[in-house]
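Undergrad: If it helps, the file is called final.tsv and holds TSV, C-alpha atoms:
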```tsv
chain	number	residue	atom	x	y	z
P	17	MET	CA	0.00	0.00	0.00
P	18	SER	CA	1.24	3.52	-0.82
P	19	SER	CA	1.02	6.19	1.84
P	20	ASP	CA	-2.01	7.69	0.07
P	21	LYS	CA	-4.00	4.84	-1.41
P	22	MET	CA	-5.84	2.18	0.60
P	23	ARG	CA	-7.42	-1.04	-0.63
P	24	ILE	CA	-10.83	-1.16	1.12
P	25	CYS	CA	-13.50	-3.87	1.10
P	26	HIS	CA	-17.03	-3.22	2.39
P	27	VAL	CA	-18.93	-6.40	3.26
P	28	ILE	CA	-22.73	-6.44	3.57
P	29	SER	CA	-25.09	-9.41	3.39
P	30	ARG	CA	-28.35	-7.81	2.30
P	31	ILE	CA	-30.03	-4.42	2.49
P	32	THR	CA	-32.34	-4.25	5.52
P	33	ALA	CA	-33.13	-0.53	5.38
P	34	ASP	CA	-32.72	2.40	3.01
P	35	GLY	CA	-30.40	4.16	5.46
P	36	VAL	CA	-27.95	1.22	5.54
P	37	ARG	CA	-27.78	1.14	1.76
P	38	GLU	CA	-27.41	4.91	1.50
P	39	SER	CA	-24.69	5.26	4.11
P	40	THR	CA	-22.68	2.34	2.69
P	41	LEU	CA	-22.93	3.77	-0.81
P	42	PHE	CA	-21.87	7.23	0.38
P	43	ALA	CA	-18.92	5.77	2.30
P	44	ILE	CA	-17.79	4.00	-0.89
P	45	ARG	CA	-18.27	7.17	-2.94
P	46	GLY	CA	-16.22	9.22	-0.48
P	47	HIS	CA	-13.38	6.69	-0.47
P	48	LEU	CA	-13.31	6.53	-4.27
P	49	GLN	CA	-13.19	10.31	-4.56
P	50	LYS	CA	-10.06	10.26	-2.38
P	51	GLY	CA	-8.39	7.82	-4.78
P	52	HIS	CA	-8.76	4.62	-2.76
P	53	GLU	CA	-9.53	1.24	-4.33
P	54	VAL	CA	-12.89	-0.02	-3.10
P	55	VAL	CA	-14.68	-3.35	-3.50
P	56	LEU	CA	-18.22	-4.09	-2.32
P	57	LEU	CA	-18.71	-7.74	-1.31
P	58	THR	CA	-22.38	-8.65	-0.88
P	59	GLY	CA	-24.82	-11.52	-0.89
P	60	LEU	CA	-27.12	-9.67	-3.27
P	61	ALA	CA	-27.62	-11.10	-6.76
P	62	ARG	CA	-26.64	-8.94	-9.72
P	63	GLU	CA	-30.11	-7.45	-10.30
P	64	GLU	CA	-30.49	-6.65	-6.59
P	65	ARG	CA	-27.00	-5.09	-6.46
P	66	GLU	CA	-27.76	-2.82	-9.39
P	67	ASP	CA	-30.98	-1.75	-7.65
P	68	ALA	CA	-29.47	-1.23	-4.21
P	69	PHE	CA	-26.11	0.23	-5.29
P	70	PRO	CA	-26.69	2.12	-8.55
P	71	GLN	CA	-23.45	3.29	-10.16
P	72	LYS	CA	-24.39	6.69	-11.52
P	73	ALA	CA	-22.65	8.21	-14.52
P	74	ASP	CA	-21.28	11.14	-12.50
P	75	SER	CA	-19.85	8.92	-9.71
P	76	PRO	CA	-16.64	6.85	-9.69
P	77	LYS	CA	-17.18	3.18	-10.60
P	78	PHE	CA	-16.47	0.45	-8.07
P	79	GLU	CA	-16.23	-3.32	-8.18
P	80	THR	CA	-19.05	-5.40	-6.72
P	81	VAL	CA	-18.61	-9.11	-5.97
P	82	GLU	CA	-21.44	-11.54	-5.17
P	83	LEU	CA	-21.00	-14.07	-2.37
P	84	PRO	CA	-24.27	-16.03	-2.07
P	85	ALA	CA	-23.27	-17.57	1.28
P	86	LEU	CA	-23.74	-14.15	2.88
P	87	THR	CA	-27.53	-14.29	2.45
P	88	GLY	CA	-28.14	-17.29	4.71
P	89	ARG	CA	-29.57	-17.21	8.21
P	90	LEU	CA	-27.44	-16.48	11.25
P	91	ASP	CA	-26.66	-20.09	12.24
P	92	PRO	CA	-23.41	-22.06	12.71
P	93	HIS	CA	-23.57	-24.02	9.43
P	94	SER	CA	-24.32	-20.95	7.29
P	95	GLU	CA	-21.73	-18.87	9.13
P	96	TYR	CA	-19.00	-21.46	8.59
P	97	ARG	CA	-19.72	-21.69	4.87
P	98	ALA	CA	-19.61	-17.88	4.56
P	99	TYR	CA	-16.43	-17.79	6.64
P	100	ARG	CA	-14.59	-20.24	4.36
P	101	GLU	CA	-15.53	-18.33	1.20
P	102	LEU	CA	-14.65	-14.97	2.77
P	103	LEU	CA	-11.32	-16.27	4.03
P	104	GLU	CA	-10.32	-17.39	0.54
P	105	PHE	CA	-11.43	-14.07	-1.00
P	106	PHE	CA	-9.55	-11.92	1.55
P	107	ARG	CA	-6.37	-14.01	1.17
P	108	GLN	CA	-6.47	-13.53	-2.59
P	109	ARG	CA	-7.22	-9.79	-2.59
P	110	LYS	CA	-5.03	-8.65	0.35
P	111	PHE	CA	-7.02	-5.60	1.44
P	112	ASP	CA	-5.68	-2.98	3.84
P	113	VAL	CA	-9.12	-2.48	5.41
P	114	VAL	CA	-12.15	-4.76	5.64
P	115	HIS	CA	-15.29	-2.97	6.85
P	116	THR	CA	-18.27	-5.21	7.66
P	117	HIS	CA	-21.89	-4.13	8.08
P	118	GLY	CA	-24.70	-5.91	9.93
P	119	PRO	CA	-24.81	-9.16	11.95
P	120	LYS	CA	-24.52	-11.77	9.18
P	121	ALA	CA	-21.62	-10.20	7.31
P	122	GLY	CA	-20.13	-8.94	10.55
P	123	VAL	CA	-19.54	-12.28	12.27
P	124	ALA	CA	-18.05	-14.35	9.43
P	125	GLY	CA	-16.47	-11.29	7.80
P	126	ARG	CA	-14.50	-10.10	10.81
P	127	ILE	CA	-13.16	-13.54	11.70
P	128	ALA	CA	-12.19	-14.31	8.10
P	129	ALA	CA	-10.54	-10.92	7.55
P	130	ARG	CA	-8.44	-11.20	10.69
P	131	ARG	CA	-7.34	-14.76	9.94
P	132	ALA	CA	-6.52	-13.76	6.36
P	133	GLY	CA	-4.05	-11.23	7.76
P	134	THR	CA	-5.99	-8.04	6.91
P	135	PRO	CA	-4.25	-5.22	8.82
P	136	VAL	CA	-7.41	-3.30	9.77
P	137	VAL	CA	-10.78	-4.93	10.43
P	138	VAL	CA	-13.72	-2.71	11.43
P	139	HIS	CA	-17.46	-3.17	11.79
P	140	THR	CA	-20.53	-0.90	11.82
P	141	VAL	CA	-23.61	-1.45	13.96
P	142	HIS	CA	-26.20	0.52	11.99
P	143	GLY	CA	-29.07	0.15	14.43
P	144	SER	CA	-30.17	-1.60	17.59
P	145	GLU	CA	-30.08	-5.35	17.02
P	146	PHE	CA	-31.78	-6.13	20.35
P	147	ASP	CA	-35.32	-6.25	19.03
P	148	PRO	CA	-37.89	-6.38	21.87
P	149	GLY	CA	-40.31	-8.09	19.46
P	150	GLU	CA	-37.80	-10.81	18.57
P	151	LYS	CA	-37.65	-14.24	20.18
P	152	GLY	CA	-35.40	-14.40	23.22
P	153	TRP	CA	-33.17	-17.11	21.76
P	154	ARG	CA	-32.47	-14.98	18.69
P	155	ASN	CA	-31.37	-12.06	20.84
P	156	MET	CA	-29.18	-14.42	22.85
P	157	LEU	CA	-27.63	-15.85	19.66
P	158	TYR	CA	-26.91	-12.31	18.50
P	159	ARG	CA	-25.19	-11.44	21.79
P	160	ILE	CA	-23.03	-14.57	21.78
P	161	SER	CA	-21.97	-14.21	18.14
P	162	GLU	CA	-21.26	-10.47	18.48
P	163	ARG	CA	-19.13	-10.95	21.60
P	164	PHE	CA	-17.09	-13.57	19.76
P	165	ALA	CA	-16.73	-11.51	16.56
P	166	ALA	CA	-15.77	-8.35	18.47
P	167	ARG	CA	-12.47	-10.00	19.42
P	168	TYR	CA	-11.52	-10.14	15.74
P	169	CYS	CA	-11.86	-6.46	14.86
P	170	ASP	CA	-9.97	-3.30	15.73
P	171	GLN	CA	-12.87	-0.87	16.00
P	172	ILE	CA	-16.68	-0.91	16.01
P	173	PHE	CA	-18.55	2.07	14.61
P	174	ALA	CA	-22.06	2.84	15.84
P	175	ALA	CA	-24.71	5.11	14.33
P	176	ALA	CA	-25.62	6.61	17.74
P	177	HIS	CA	-24.33	6.87	21.32
P	178	SER	CA	-27.41	4.98	22.50
P	179	ILE	CA	-26.33	1.96	20.42
P	180	VAL	CA	-22.90	2.03	22.09
P	181	GLY	CA	-24.51	2.04	25.53
P	182	GLN	CA	-26.76	-0.87	24.62
P	183	CYS	CA	-23.87	-2.94	23.27
P	184	VAL	CA	-21.61	-2.21	26.24
P	185	GLU	CA	-24.40	-3.11	28.66
P	186	ALA	CA	-24.84	-6.42	26.80
P	187	GLY	CA	-21.15	-7.15	27.31
P	188	ILE	CA	-20.32	-7.30	23.61
P	189	ALA	CA	-17.18	-5.15	23.84
P	190	PRO	CA	-15.69	-2.47	26.11
P	191	ARG	CA	-16.71	1.14	25.48
P	192	GLY	CA	-13.24	2.03	24.23
P	193	LYS	CA	-13.69	-0.22	21.21
P	194	TYR	CA	-16.64	1.86	19.94
P	195	THR	CA	-16.64	5.09	17.94
P	196	VAL	CA	-19.84	6.94	17.06
P	197	VAL	CA	-20.02	7.83	13.36
P	198	TYR	CA	-23.38	9.33	12.46
P	199	ARG	CA	-24.84	8.25	9.15
P	200	GLY	CA	-24.38	10.77	6.41
P	201	ILE	CA	-27.11	11.83	4.01
P	202	ASP	CA	-27.26	13.99	0.90
P	203	ILE	CA	-28.22	17.19	2.73
P	204	SER	CA	-28.62	19.70	-0.09
P	205	PRO	CA	-31.97	18.47	-1.52
P	206	PHE	CA	-33.49	18.97	1.94
P	207	THR	CA	-31.84	22.28	2.84
P	208	ASP	CA	-32.71	23.69	-0.61
P	209	ALA	CA	-36.37	22.55	-0.66
P	210	LYS	CA	-38.93	25.38	-0.63
P	211	ARG	CA	-42.62	25.81	0.14
P	212	GLU	CA	-44.63	25.16	-3.03
P	213	PRO	CA	-48.20	26.50	-3.07
P	214	GLY	CA	-48.86	24.36	-6.14
P	215	LEU	CA	-47.91	21.13	-4.37
P	216	ARG	CA	-49.95	22.11	-1.32
P	217	GLY	CA	-52.87	22.66	-3.65
P	218	GLU	CA	-52.40	19.23	-5.25
P	219	LEU	CA	-52.47	17.67	-1.79
P	220	GLY	CA	-55.60	19.61	-0.83
P	221	ILE	CA	-53.87	21.54	1.95
P	222	PRO	CA	-55.15	25.12	2.49
P	223	GLU	CA	-52.60	27.82	1.80
P	224	ASN	CA	-52.50	29.15	5.39
P	225	ALA	CA	-52.83	25.81	7.20
P	226	ARG	CA	-50.34	24.70	9.83
P	227	VAL	CA	-49.02	21.34	8.68
P	228	ILE	CA	-47.57	18.41	10.61
P	229	VAL	CA	-45.82	15.80	8.44
P	230	THR	CA	-44.95	12.15	9.11
P	231	LEU	CA	-42.56	10.04	7.05
P	232	ALA	CA	-43.09	6.31	7.53
P	233	GLY	CA	-44.84	3.37	5.89
P	234	LEU	CA	-48.52	3.06	6.83
P	235	SER	CA	-47.89	-0.18	8.68
P	236	PRO	CA	-48.19	-1.48	12.25
P	237	MET	CA	-45.38	-0.41	14.60
P	238	LYS	CA	-44.80	2.76	12.58
P	239	GLY	CA	-46.47	4.96	15.19
P	240	TYR	CA	-49.82	5.68	13.56
P	241	GLU	CA	-51.71	4.31	16.56
P	242	TYR	CA	-50.40	7.47	18.29
P	243	VAL	CA	-50.54	9.87	15.34
P	244	VAL	CA	-54.33	9.83	14.92
P	245	PRO	CA	-55.30	10.40	18.59
P	246	ALA	CA	-52.57	13.03	19.04
P	247	ALA	CA	-53.72	14.80	15.87
P	248	ALA	CA	-57.33	14.72	17.11
P	249	ARG	CA	-56.32	16.57	20.28
P	250	ILE	CA	-54.37	19.20	18.38
P	251	ILE	CA	-57.01	19.76	15.69
P	252	ARG	CA	-59.71	20.25	18.32
P	253	LYS	CA	-57.65	23.09	19.82
P	254	TYR	CA	-56.12	24.39	16.56
P	255	PRO	CA	-58.62	23.67	13.73
P	256	ASP	CA	-56.23	25.06	11.09
P	257	THR	CA	-53.86	22.13	11.73
P	258	HIS	CA	-53.53	19.61	8.91
P	259	MET	CA	-51.71	16.25	8.81
P	260	LEU	CA	-49.61	15.19	5.82
P	261	LEU	CA	-48.78	11.47	5.83
P	262	VAL	CA	-45.97	10.56	3.44
P	263	GLY	CA	-45.90	6.81	2.86
P	264	ASP	CA	-48.10	3.91	1.86
P	265	GLY	CA	-48.98	0.57	3.36
P	266	PRO	CA	-51.67	-1.83	4.59
P	267	MET	CA	-53.06	0.57	7.21
P	268	ILE	CA	-54.19	3.22	4.74
P	269	HIS	CA	-57.84	2.10	4.70
P	270	SER	CA	-58.13	1.74	8.48
P	271	LEU	CA	-56.48	5.14	8.98
P	272	LYS	CA	-58.91	6.80	6.59
P	273	ALA	CA	-61.80	5.07	8.37
P	274	GLN	CA	-60.53	6.30	11.74
P	275	THR	CA	-60.18	9.89	10.59
P	276	LEU	CA	-63.63	9.75	8.95
P	277	GLU	CA	-65.19	8.44	12.17
P	278	LEU	CA	-63.53	11.28	14.13
P	279	GLY	CA	-64.68	13.85	11.61
P	280	LEU	CA	-61.05	14.66	10.68
P	281	LEU	CA	-60.78	13.27	7.16
P	282	GLY	CA	-60.60	16.80	5.74
P	283	ASN	CA	-57.58	17.53	7.94
P	284	PHE	CA	-55.65	14.43	6.84
P	285	HIS	CA	-53.80	14.26	3.53
P	286	PHE	CA	-52.37	10.96	2.30
P	287	ALA	CA	-49.46	11.54	-0.10
P	288	GLY	CA	-48.93	7.83	-0.72
P	289	SER	CA	-45.58	6.37	-1.69
P	290	VAL	CA	-43.26	9.20	-2.70
P	291	PRO	CA	-40.05	8.51	-4.70
P	292	PRO	CA	-36.98	9.30	-2.52
P	293	PRO	CA	-35.85	12.26	-4.67
P	294	GLN	CA	-39.26	13.88	-4.11
P	295	VAL	CA	-39.33	13.48	-0.31
P	296	PRO	CA	-37.61	16.86	0.35
P	297	ARG	CA	-40.41	18.66	-1.55
P	298	TYR	CA	-43.07	17.11	0.65
P	299	LEU	CA	-41.23	17.83	3.89
P	300	ALA	CA	-40.85	21.46	2.86
P	301	GLN	CA	-44.65	21.89	2.75
P	302	ALA	CA	-44.86	21.31	6.52
P	303	ASP	CA	-44.19	23.31	9.66
P	304	LEU	CA	-43.49	20.44	12.06
P	305	PHE	CA	-42.31	16.83	11.91
P	306	TRP	CA	-43.75	14.05	14.05
P	307	HIS	CA	-41.79	10.84	14.57
P	308	LEU	CA	-43.83	8.63	16.89
P	309	LEU	CA	-42.28	5.19	16.41
P	310	PRO	CA	-42.13	3.38	19.78
P	311	HIS	CA	-39.05	1.27	18.93
P	312	GLU	CA	-36.98	3.47	16.65
P	313	LYS	CA	-33.70	2.08	15.29
P	314	PHE	CA	-32.70	4.75	12.78
P	315	LEU	CA	-32.37	8.53	12.87
P	316	ARG	CA	-32.43	9.17	9.12
P	317	PRO	CA	-36.04	10.47	8.75
P	318	ILE	CA	-35.55	12.92	11.62
P	319	VAL	CA	-32.26	14.18	10.20
P	320	GLN	CA	-33.95	14.71	6.84
P	321	ALA	CA	-36.74	16.71	8.48
P	322	LEU	CA	-34.27	18.85	10.47
P	323	ALA	CA	-32.28	19.47	7.28
P	324	ALA	CA	-35.52	20.74	5.71
P	325	GLY	CA	-35.79	23.27	8.55
P	326	LEU	CA	-38.55	21.56	10.54
P	327	PRO	CA	-38.59	21.27	14.32
P	328	ALA	CA	-39.53	17.77	15.47
P	329	VAL	CA	-41.62	16.12	18.15
P	330	ALA	CA	-40.57	12.52	18.80
P	331	PHE	CA	-40.59	9.79	21.40
P	332	ARG	CA	-37.59	9.64	23.72
P	333	VAL	CA	-36.24	6.28	22.52
P	334	GLY	CA	-32.93	5.02	21.12
P	335	GLY	CA	-30.69	7.70	19.67
P	336	ILE	CA	-33.50	10.21	19.05
P	337	PRO	CA	-32.59	12.50	22.01
P	338	GLU	CA	-29.14	12.89	20.40
P	339	VAL	CA	-30.83	14.66	17.48
P	340	VAL	CA	-34.08	16.09	18.86
P	341	LYS	CA	-32.81	18.34	21.64
P	342	ASP	CA	-35.53	19.71	23.92
P	343	GLY	CA	-36.05	23.40	23.25
P	344	GLU	CA	-33.29	23.44	20.61
P	345	THR	CA	-34.49	21.37	17.65
P	346	GLY	CA	-37.90	20.33	18.98
P	347	TYR	CA	-39.17	18.21	21.87
P	348	CYS	CA	-38.72	14.60	22.99
P	349	VAL	CA	-41.60	13.11	24.99
P	350	GLU	CA	-42.10	9.83	26.81
P	351	PRO	CA	-42.97	6.94	24.46
P	352	GLU	CA	-46.64	6.30	23.72
P	353	GLN	CA	-47.81	9.40	25.64
P	354	VAL	CA	-50.29	11.00	23.25
P	355	SER	CA	-51.07	13.84	25.65
P	356	GLU	CA	-47.37	14.77	25.79
P	357	VAL	CA	-47.16	14.86	21.99
P	358	ALA	CA	-50.13	17.25	21.95
P	359	LYS	CA	-48.62	19.46	24.67
P	360	ALA	CA	-45.26	19.72	22.88
P	361	THR	CA	-46.99	20.57	19.62
P	362	ALA	CA	-49.13	23.21	21.32
P	363	LYS	CA	-45.96	24.86	22.65
P	364	LEU	CA	-44.66	25.23	19.11
P	365	TRP	CA	-48.00	26.41	17.70
P	366	ASP	CA	-48.27	29.03	20.50
P	367	ASP	CA	-44.74	30.34	19.89
P	368	PRO	CA	-44.08	30.51	16.12
P	369	ALA	CA	-40.82	32.44	16.66
P	370	ALA	CA	-39.44	29.63	18.84
P	371	ALA	CA	-40.54	27.05	16.27
P	372	ARG	CA	-38.70	28.94	13.51
P	373	ARG	CA	-35.60	29.23	15.69
P	374	MET	CA	-35.63	25.48	16.40
P	375	GLY	CA	-36.05	24.79	12.68
P	376	LYS	CA	-32.98	26.89	11.87
P	377	THR	CA	-30.97	25.24	14.65
P	378	GLY	CA	-31.93	21.79	13.38
P	379	LYS	CA	-30.86	22.67	9.84
P	380	LEU	CA	-27.47	23.91	11.07
P	381	ARG	CA	-26.99	20.77	13.17
P	382	ALA	CA	-27.79	18.57	10.18
P	383	LEU	CA	-25.25	20.46	8.08
P	384	GLU	CA	-22.59	20.15	10.79
P	385	GLN	CA	-23.05	16.50	11.77
P	386	PHE	CA	-24.91	14.51	9.14
P	387	THR	CA	-23.46	15.20	5.68
P	388	TRP	CA	-22.14	12.17	3.82
P	389	PRO	CA	-18.72	13.75	3.00
P	390	ARG	CA	-18.20	14.28	6.74
P	391	MET	CA	-19.09	10.64	7.45
P	392	ALA	CA	-16.77	9.35	4.69
P	393	ALA	CA	-13.92	11.58	5.88
P	394	THR	CA	-14.35	10.40	9.47
P	395	LEU	CA	-14.19	6.75	8.39
P	396	GLU	CA	-11.11	7.42	6.25
P	397	LYS	CA	-9.40	9.11	9.20
P	398	GLU	CA	-10.21	6.15	11.46
P	399	TYR	CA	-8.85	3.68	8.88
P	400	ARG	CA	-5.58	5.63	8.52
P	401	GLU	CA	-5.03	5.95	12.27
P	402	LEU	CA	-5.57	2.20	12.76
P	403	LEU	CA	-3.21	1.39	9.86
P	404	GLU	CA	-0.54	3.67	11.32
P	405	GLN	CA	-0.88	1.99	14.69
P	406	LYS	CA	-0.43	-1.42	13.08
P	407	THR	CA	2.63	-0.15	11.14
P	408	ARG	CA	4.26	1.21	14.31
P	409	ARG	CA	3.73	-2.12	16.05
```
Let's see the structure in the file written out as structure tokens.

TA:
Amino acid sequence: MSSDKMRICHVISRITADGVRESTLFAIRGHLQKGHEVVLLTGLAREEREDAFPQKADSPKFETVELPALTGRLDPHSEYRAYRELLEFFRQRKFDVVHTHGPKAGVAGRIAARRAGTPVVVHTVHGSEFDPGEKGWRNMLYRISERFAARYCDQIFAAAHSIVGQCVEAGIAPRGKYTVVYRGIDISPFTDAKREPGLRGELGIPENARVIVTLAGLSPMKGYEYVVPAAARIIRKYPDTHMLLVGDGPMIHSLKAQTLELGLLGNFHFAGSVPPPQVPRYLAQADLFWHLLPHEKFLRPIVQALAAGLPAVAFRVGGIPEVVKDGETGYCVEPEQVSEVAKATAKLWDDPAAARRMGKTGKLRALEQFTWPRMAATLEKEYRELLEQKTRR
């Protein structure tokens, strides 16, 4: 390896969320722009890879390699098969850095990379893997496998401080082995988005209405069991409040029936499934963002809303308090407390100047902490420091 160029391999089994795909792709893009050689090793078939990791004409090209063994379940037989194939690949390619993502790729990938002699082996925990809705034995299997795999890597990156605390408490690795690297997004489409009277008109939203927006699939566990009753309280007190729901899913008919029964159908506007490039436009039509998921794993939708200049009201779970700061970028309330959501919203409706100030603060915070070039540069810096430490040894 020259002093400037690194040979980097990102390993990911499958795409479990848009934010994982986006952050991995942006990390690769940032490394390529700095002149590094990057390979993406994934369990995705060719068609899936092209969908998940599009190589745009204006971006540097990178090599993708399919390893089908990475798509199996997290079990000893599947892990061993993936480990053997990964070991052979890493021995052939002799990377300077192997960066694994997610549980499946993370266990076999870290062990194989270390035993293949890769100088730097790192891993990213993108979200909480301790799912309260998951079977107890699966959570236990995750803990055991992660504790074992942690011994084979130099550093573990986490998408939030709350994830670090959770992992340390579970005994996976000591706190000193973790570094928080917030996921980066493409900020400019959100910071540049403007209010569009024409789009509001298409959605049926009155020109002078106060608008609360949500951004989540219309599915169970996405918080809509709290959105409707909280909205009912707010609309009773502030009749000019309108709800804009961005997303589609199986609950759409029941949600419309609920709002009709409550006499609120005219205050609810269902945007349906919106293509990702259009999401900033829809956020920009609102004055406030609600994020009422009771078991949130990812911060991406909130960061997008803050980047669009919206204050947020959200449940105090996971890493959300790291982004939604009380009185600075919005308000965090206790999970599932509809009355607290209504009270926090009323504070913002009663003090428009404070709401605007929080929106500006949130936009600045998004620009400072959550841009993808910043994330890619942080990872590059971490790689170099670990390589230098290994060289000195």

Undergrad: Return as CSV the residues of stretch 256-305 of chain P lying at most 10 Å from stretch 328-342 of chain P, together with the closest atom-to-atom pair for each and the distance in Å to one decimal, counting all atoms listed in the file, with rows in chain order and ascending residue number.

TA:
```
residue,atom,partner,partner_atom,distance
P:Asp303,CA,P:Ala328,CA,9.3
P:Leu304,CA,P:Ala328,CA,5.9
P:Phe305,CA,P:Ala328,CA,4.6
```

Undergrad: What gap, in Å, lies between atom CA of P:Cys169 and atom CA of P:His139?

TA: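 Between atom CA of P:Cys169 and atom CA of P:His139 the gap works out to 7.2 Å.
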
Undergrad: Could you check how far atom CA of P:Cys25 sits from atom CA of P:Asp202, in Å to one decimal?

TA: 22.5 Å

Undergrad: Determine, counting all atoms listed in the file, which protein, DNA and RNA residues have an atom within 8 Å of an atom of stretch 124-137 of chain P; residues of the same chain fewer than 4 positions away are not included. Present the result as a list in words.

TA: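 The contact residues come out as Val27, Glu95, Tyr96, Ala98, Tyr99, Arg100, Leu102, Leu103, Glu104, Phe106, Arg107, Lys110, Phe111, Asp112, Val113, Val114, His115, Thr116, Lys120, Ala165, Ala166, Tyr168, Cys169, Asp170, Gln171, Tyr399, Leu402, Leu403 and Lys406 of chain P.
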
Undergrad: Please dump the current selection as a tab-separated table (two decimals), keeping the file's coordinate frame; keep C-alpha atoms.

TA:
```tsv
chain	number	residue	atom	x	y	z
P	27	VAL	CA	-18.93	-6.40	3.26
P	95	GLU	CA	-21.73	-18.87	9.13
P	96	TYR	CA	-19.00	-21.46	8.59
P	98	ALA	CA	-19.61	-17.88	4.56
P	99	TYR	CA	-16.43	-17.79	6.64
P	100	ARG	CA	-14.59	-20.24	4.36
P	102	LEU	CA	-14.65	-14.97	2.77
P	103	LEU	CA	-11.32	-16.27	4.03
P	104	GLU	CA	-10.32	-17.39	0.54
P	106	PHE	CA	-9.55	-11.92	1.55
P	107	ARG	CA	-6.37	-14.01	1.17
P	110	LYS	CA	-5.03	-8.65	0.35
P	111	PHE	CA	-7.02	-5.60	1.44
P	112	ASP	CA	-5.68	-2.98	3.84
P	113	VAL	CA	-9.12	-2.48	5.41
P	114	VAL	CA	-12.15	-4.76	5.64
P	115	HIS	CA	-15.29	-2.97	6.85
P	116	THR	CA	-18.27	-5.21	7.66
P	120	LYS	CA	-24.52	-11.77	9.18
P	165	ALA	CA	-16.73	-11.51	16.56
P	166	ALA	CA	-15.77	-8.35	18.47
P	168	TYR	CA	-11.52	-10.14	15.74
P	169	CYS	CA	-11.86	-6.46	14.86
P	170	ASP	CA	-9.97	-3.30	15.73
P	171	GLN	CA	-12.87	-0.87	16.00
P	399	TYR	CA	-8.85	3.68	8.88
P	402	LEU	CA	-5.57	2.20	12.76
P	403	LEU	CA	-3.21	1.39	9.86
P	406	LYS	CA	-0.43	-1.42	13.08
```

Undergrad: Extract, using all atoms listed in the file, all DNA, RNA and protein residues at most 12 Å from stretch 259-263 of chain P, discarding same-chain residues fewer than 6 positions from it, and format them as an MDAnalysis selection string.

TA: chainID P and resid 215:216 219:222 225:235 238:240 243:248 250:251 271:272 275 280:292 294:307 317

Undergrad: Suppose we keep C-alpha atoms; can you now write the selection as a compact mmCIF listing (two decimals), in the frame of the given file?

TA:
```
# COMPACT_ATOMS: atom_id res chain seq x y z
CA LEU P 215 -47.91 21.13 -4.37
CA ARG P 216 -49.95 22.11 -1.32
CA LEU P 219 -52.47 17.67 -1.79
CA GLY P 220 -55.60 19.61 -0.83
CA ILE P 221 -53.87 21.54 1.95
CA PRO P 222 -55.15 25.12 2.49
CA ALA P 225 -52.83 25.81 7.20
CA ARG P 226 -50.34 24.70 9.83
CA VAL P 227 -49.02 21.34 8.68
CA ILE P 228 -47.57 18.41 10.61
CA VAL P 229 -45.82 15.80 8.44
CA THR P 230 -44.95 12.15 9.11
CA LEU P 231 -42.56 10.04 7.05
CA ALA P 232 -43.09 6.31 7.53
CA GLY P 233 -44.84 3.37 5.89
CA LEU P 234 -48.52 3.06 6.83
CA SER P 235 -47.89 -0.18 8.68
CA LYS P 238 -44.80 2.76 12.58
CA GLY P 239 -46.47 4.96 15.19
CA TYR P 240 -49.82 5.68 13.56
CA VAL P 243 -50.54 9.87 15.34
CA VAL P 244 -54.33 9.83 14.92
CA PRO P 245 -55.30 10.40 18.59
CA ALA P 246 -52.57 13.03 19.04
CA ALA P 247 -53.72 14.80 15.87
CA ALA P 248 -57.33 14.72 17.11
CA ILE P 250 -54.37 19.20 18.38
CA ILE P 251 -57.01 19.76 15.69
CA LEU P 271 -56.48 5.14 8.98
CA LYS P 272 -58.91 6.80 6.59
CA THR P 275 -60.18 9.89 10.59
CA LEU P 280 -61.05 14.66 10.68
CA LEU P 281 -60.78 13.27 7.16
CA GLY P 282 -60.60 16.80 5.74
CA ASN P 283 -57.58 17.53 7.94
CA PHE P 284 -55.65 14.43 6.84
CA HIS P 285 -53.80 14.26 3.53
CA PHE P 286 -52.37 10.96 2.30
CA ALA P 287 -49.46 11.54 -0.10
CA GLY P 288 -48.93 7.83 -0.72
CA SER P 289 -45.58 6.37 -1.69
CA VAL P 290 -43.26 9.20 -2.70
CA PRO P 291 -40.05 8.51 -4.70
CA PRO P 292 -36.98 9.30 -2.52
CA GLN P 294 -39.26 13.88 -4.11
CA VAL P 295 -39.33 13.48 -0.31
CA PRO P 296 -37.61 16.86 0.35
CA ARG P 297 -40.41 18.66 -1.55
CA TYR P 298 -43.07 17.11 0.65
CA LEU P 299 -41.23 17.83 3.89
CA ALA P 300 -40.85 21.46 2.86
CA GLN P 301 -44.65 21.89 2.75
CA ALA P 302 -44.86 21.31 6.52
CA ASP P 303 -44.19 23.31 9.66
CA LEU P 304 -43.49 20.44 12.06
CA PHE P 305 -42.31 16.83 11.91
CA TRP P 306 -43.75 14.05 14.05
CA HIS P 307 -41.79 10.84 14.57
CA PRO P 317 -36.04 10.47 8.75
```

Undergrad: Could you please determine the separation between atom CA of P:Ile24 and atom CA of P:Phe42 in Å, to one decimal place?

TA: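 Atom-to-atom, atom CA of P:Ile24 to atom CA of P:Phe42, that is 13.9 Å.
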
Undergrad: Of the residues P:Glu38, P:Asp264, P:Asp20, P:Glu218, which is the one nearest to P:Arg316, using only C-alpha atoms?

TA: P:Glu38

Undergrad: Nearest residue to P:Pro351 out of P:Ala324, P:Leu395, P:Leu380, P:Leu309, using all atoms listed in the file?

TA: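 When distances to P:Pro351 are compared using all atoms listed in the file, the smallest one comes from P:Leu309.
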
Undergrad: Neighbours of P:Tyr242 within 9 Å (only C-alpha atoms; same-chain residues fewer than 5 positions away dropped), as a PyMOL selection string?

TA: chain P and resi 247+308-309+352-354+357

Undergrad: Show me, as number ranges by chain, the residues that have an atom within 8 Å of P:Ser29 when counting only C-alpha atoms, minus same-chain residues fewer than 5 positions from it.

TA: P: 58-60, 86-87, 117-118, 120-121
